[in-house]
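**Q** Pasting a structure here, questions to come.
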10 protein chains.
Amino acid sequence: MLFHVRMDVTIPPGLDVTDRVAAEKARALELQRAGVWVHLWRIVGRYSNFSVFDVASNDELHGILSALPLYPFMRIEITPLATHPSELAAQ
Amino acid sequence: MLFHVRMDVTIPPGLDVTDRVAAEKARALELQRAGVWVHLWRIVGRYSNFSVFDVASNDELHGILSALPLYPFMRIEITPLATHPSELAAQ
Amino acid sequence: MLFHVRMDVTIPPGLDVTDRVAAEKARALELQRAGVWVHLWRIVGRYSNFSVFDVASNDELHGILSALPLYPFMRIEITPLATHPSELAAQ
Amino acid sequence: MLFHVRMDVTIPPGLDVTDRVAAEKARALELQRAGVWVHLWRIVGRYSNFSVFDVASNDELHGILSALPLYPFMRIEITPLATHPSELAAQ
Amino acid sequence: MLFHVRMDVTIPPGLDVTDRVAAEKARALELQRAGVWVHLWRIVGRYSNFSVFDVASNDELHGILSALPLYPFMRIEITPLATHPSELAAQ
Amino acid sequence: MLFHVRMDVTIPPGLDVTDRVAAEKARALELQRAGVWVHLWRIVGRYSNFSVFDVASNDELHGILSALPLYPFMRIEITPLATHPSELAAQ
Amino acid sequence: MLFHVRMDVTIPPGLDVTDRVAAEKARALELQRAGVWVHLWRIVGRYSNFSVFDVASNDELHGILSALPLYPFMRIEITPLATHPSELAAQ
Amino acid sequence: MLFHVRMDVTIPPGLDVTDRVAAEKARALELQRAGVWVHLWRIVGRYSNFSVFDVASNDELHGILSALPLYPFMRIEITPLATHPSELAAQ
Amino acid sequence: MLFHVRMDVTIPPGLDVTDRVAAEKARALELQRAGVWVHLWRIVGRYSNFSVFDVASNDELHGILSALPLYPFMRIEITPLATHPSELAAQ
Amino acid sequence: MLFHVRMDVTIPPGLDVTDRVAAEKARALELQRAGVWVHLWRIVGRYSNFSVFDVASNDELHGILSALPLYPFMRIEITPLATHPSELAAQ
């Protein structure tokens with residue numbers, strides 16, 4: 001089940017988040033390899049991304065997002081996705 | 001070059017758009033087969049979609065969008081996408 | 001899997017929707033009996049409701065909502081819900 | 001009398017609220033057992049909840065909310081609810 | 001129990017609402033005499049009012065508002081009120 | 001001359017405003033006794049109020065508001081009120 | 001007593017308002033000569049104006065505005081003005 | 001050439017701006033005497049003003065505003081003004 | 001003197017504006033040749049443009065814009081521009 | 001390929017950014033000389049600019065913007081531009 005996710009990151013000034021950023025990247029790669037974080041794009045000019053997650057439930061999605069290393073500094077917006085009737089793969 | 005596109009469709013009440021909807025679907029399939037309209041998802045509960053387009057230029061993107069059969073009834077929001085440093089394919 | 005849904009209904013002036021309203025009510029009762037539309041409250045002073053749906057997938061939710069008799073006149077906003085750690089039933 | 005309540009929590013960076021969070025959970029459970037806090041859901045991806053309260057008056061609702069341990073860090077939005085004419089229990 | 005209510009009226013152009021306006025006024029006076037519609041002020045420069053209602057429940061409030069003759073042309077915003085600790089009458 | 005006033009109070013974290021709050025209450029009572037601050041209601045779930053002031057001029061209103069002990073921490077929104085043609089007292 | 005007023009005019013398409021526009025202009029000149037409508041500026045690129053009115057009360061202001069020939073097509077926003085401590089005339 | 005200017009001032013808590021406020025007042029008086037700052041009104045209930053400036057160019061306006069002593073604490077909104085066809089002085 | 005202008009065009013459904021569109025294009029070319037409309041870009045996916053105008057005064061700008069053939073169908077937003085201290089041509 | 005870019009700069013109070021500002025200016029001049037930063041205008045009354053960039057791809061644009069010395073203090077909004085059919089150079 002697919003969810004469209006937008007994450008906007010705001011680091012408080014003066015805070016060193018080098019370790020968190022590295023951990024975030026490691027976790028993002030792990031979730032991509034696992035087929036859960038299926039798309040990840042940088043929004044040009046922003047410390048933000050558009051992502052698509054493939055999860056079995058809302059609880060799983062919240063569990064994954066709220067455990068991300070940068071979660072305390074993120075504003076997250078979630079949109080549930082359905083199959084589009086004009087999608088090629090759905091024909 | 002990837003662009004994130006949100007399309008919200010509003011059909012004026014009383015207007016028959018059966019032909020346009022069919023033409024829109026045909027064109028969407030054609031553009032997906034051509035590798036230009038690379039993702040197309042329905043937003044749950046809305047006559048809207050999130051899409052990703054892969055085009056060579058802004059002019060090409062505007063040409064494609066403004067020629068869509070339902071374009072006169074769409075509100076379109078475009079976000080340029082860049083490669084994310086944590087994207088698996090970019091490692 | 002639970003989703004919070006807000007529906008705002010706007011009937012174009014001069015349109016007779018008596019049949020649709022009756023069909024909507026019948027369908028709402030049917031979905032409540034089926035355990036899918038688990039909560040339904042009127043927002044005071046508005047032709048709007050807050051609802052909670054229990055569905056197996058995003059596709060099922062979109063299918064149900066987009067087939068409601070009053071769907072063409074609704075603006076729908078959806079929020080995925082997860083189990084709250086302080087919810088009594090989850091202890 | 002039912003009220004729909006949305007609570008968004010923002011903890012100032014660097015503040016230790018472990019005790020408050022524990023007290024908040026205890027109080028939430030107590031109010032649920034008392035039949036006052038009748039629904040409590042986590043909003044996916046946010047430190048927020050959608051809740052429904054059943055109280056005898058506006059004064060009681062304000063008294064309860066403003067005494068919550070995390071109240072100083074909450075932004076609260078309240079919507080009065082009425083019985084929906086299509087609600088199953090109201091037939 | 002007091003509720004703050006803002007009503008914004010928009011009459012579709014070309015519609016004759018003389019009767020409804022007269023009925024609305026008669027009903028407003030009746031509700032004021034009954035002690036239900038306790039305050040009613042015109043917002044300067046707008047076809048709008050700020051009002052305060054004193055009702056026993058949310059259901060009563062919705063019943064009253066949704067039966068107003070101009071209700072189909074109103075946008076209504078409701079805010080529950082509580083006793084203020086600095087209110088003179090509450091000392 | 002009546003003005004509708006909404007005050008939203010935000011105290012910076014860590015600041016002790018006990019004295020100001022006491023002074024604010026004393027001043028609010030004084031202005032109510034003087035017939036200037038004619039209504040004062042708490043907005044449920046917020047550190048906010050809806051008020052109505054009766055003053056002789058805009059200058060008097062600004063003078064009173066800007067001298068309130070909590071003024072530096074308030075966001076104030078003012079709406080001029082006129083007599084409503086359906087107000088009972090105006091018949 | 002001064003009030004800052006913004007008026008945005010929207011004429012429904014197809015409506016002939018030639019007479020109303022002429023009457024509006026005549027009334028505007030009359031109110032300027034009377035010293036009531038003390039400033040009147042066109043907002044560049046809009047069918048809108050910023051104005052300042054000098055009236056004795058809120059009721060007078062509402063009476064004047066709601067009797068303007070183009071009032072049914074205006075959206076009006078009002079801001080009460082006070083003497084500024086740095087105003088030259090106030091020294 | 002006239003410009004409508006709104007200035008909203010926000011002083012960071014704990015900062016002593018006594019000198020800046022005095023310098024701002026001196027500069028405001030100077031610009032009013034020079035016929036550049038032609039109107040200056042306090043917005044009731046806010047640390048804000050509505051002003052009108054008469055300058056020869058956009059560059060002159062930016063030069064004047066950005067050199068104001070309180071400029072670092074202001075949010076400024078500018079609207080170009082044109083002669084209104086119903087303005088008395090323009091007849 | 002430069003002004004940044006955004007124009008959003010909305011044609012009422014069913015209206016034939018072929019002549020106006022042709023006249024608008026002719027006028028746009030004329031103003032570009034005259035060095036007044038110095039930049040004109042299409043916003044991708046919208047019936048909108050970002051433009052820059054070089055005019056001697058606000059009155060001239062309003063005169064030009066309000067005489068455009070499509071002006072009745074435009075929403076126009078204007079931002080005055082000043083020389084940037086880092087602009088190459090200003091060094 | 002052209003992109004319209006708005007940058008709003010907010011320096012945290014008390015931070016010395018003299019070096020960054022100088023570096024930003026040097027970089028801006030360099031990018032202008034290289035034909036990448038093709039327009040740069042100050043927004044009157046703001047620490048903001050409207051710019052136009054000419055780049056080969058979204059990735060190049062993000063690389064350039066995110067490496068600007070003041071990038072950590074900027075809020076950036078990007079709009080892809082296409083050739084306008086009424087642009088003089090496109091005839």
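Identifiers in this document derive from the order of the structure tokens: chains are assigned A, B, ..., residues are numbered from 1 separately in each chain, and ligands are numbered from 1 in order of occurrence.
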Which residues are near H:Phe73? Cut-off 10 Å, only C-alpha atoms, ignore same chain within fewer than 5 positions. Put them as a PDB file with N, CA and C atoms, in the first residue's frame.
**A**
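Saved to part17.pdb:
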```
ATOM      1  N   MET H   7       4.151  48.404   8.138  1.00  0.00           N
ATOM      2  CA  MET H   7       5.314  47.935   8.906  1.00  0.00           C
ATOM      3  C   MET H   7       4.820  47.252  10.172  1.00  0.00           C
ATOM      4  N   ASP H   8       5.262  46.015  10.382  1.00  0.00           N
ATOM      5  CA  ASP H   8       4.989  45.282  11.626  1.00  0.00           C
ATOM      6  C   ASP H   8       6.310  45.085  12.348  1.00  0.00           C
ATOM      7  N   VAL H   9       6.366  45.575  13.576  1.00  0.00           N
ATOM      8  CA  VAL H   9       7.613  45.527  14.345  1.00  0.00           C
ATOM      9  C   VAL H   9       7.556  44.385  15.350  1.00  0.00           C
ATOM     10  N   THR H  10       8.615  43.582  15.419  1.00  0.00           N
ATOM     11  CA  THR H  10       8.738  42.524  16.429  1.00  0.00           C
ATOM     12  C   THR H  10      10.116  42.630  17.063  1.00  0.00           C
ATOM     13  N   ILE H  11      10.144  43.044  18.326  1.00  0.00           N
ATOM     14  CA  ILE H  11      11.416  43.148  19.041  1.00  0.00           C
ATOM     15  C   ILE H  11      11.700  41.806  19.719  1.00  0.00           C
ATOM     16  N   PRO H  12      12.894  41.201  19.483  1.00  0.00           N
ATOM     17  CA  PRO H  12      13.219  39.941  20.177  1.00  0.00           C
ATOM     18  C   PRO H  12      13.163  40.169  21.684  1.00  0.00           C
ATOM     19  N   LEU H  68      16.094  52.611   8.093  1.00  0.00           N
ATOM     20  CA  LEU H  68      15.361  52.950   9.322  1.00  0.00           C
ATOM     21  C   LEU H  68      15.979  52.210  10.509  1.00  0.00           C
TER      22      LEU H  68
ATOM     23  N   PRO J  13      19.174  36.421  15.070  1.00  0.00           N
ATOM     24  CA  PRO J  13      19.674  37.598  15.781  1.00  0.00           C
ATOM     25  C   PRO J  13      20.965  37.280  16.539  1.00  0.00           C
TER      26      PRO J  13
END
```
**Q** Assign secondary structure with DSSP using the backbone only, and return the residues of chain D in alpha helix (DSSP H) as a list in words.
**A**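 DSSP-assigned alpha helix (DSSP H) residues in chain D: Thr18, Asp19, Arg20, Val21, Ala22, Ala23, Glu24, Lys25, Ala26, Arg27, Ala28, Leu29, Glu30, Leu31, Gln32, Arg33, Asn58, Asp59, Glu60, Leu61, His62, Gly63, Ile64, Leu65 and Ser66 of chain D.
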**Q** Tell me as a VMD selection string which residues belonging to chain J come within 10 Å of chain I, counting only C-alpha atoms.
**A** chain J and resid 2 to 4 22 24 to 33 37 to 45 48 to 50 79 to 89 91
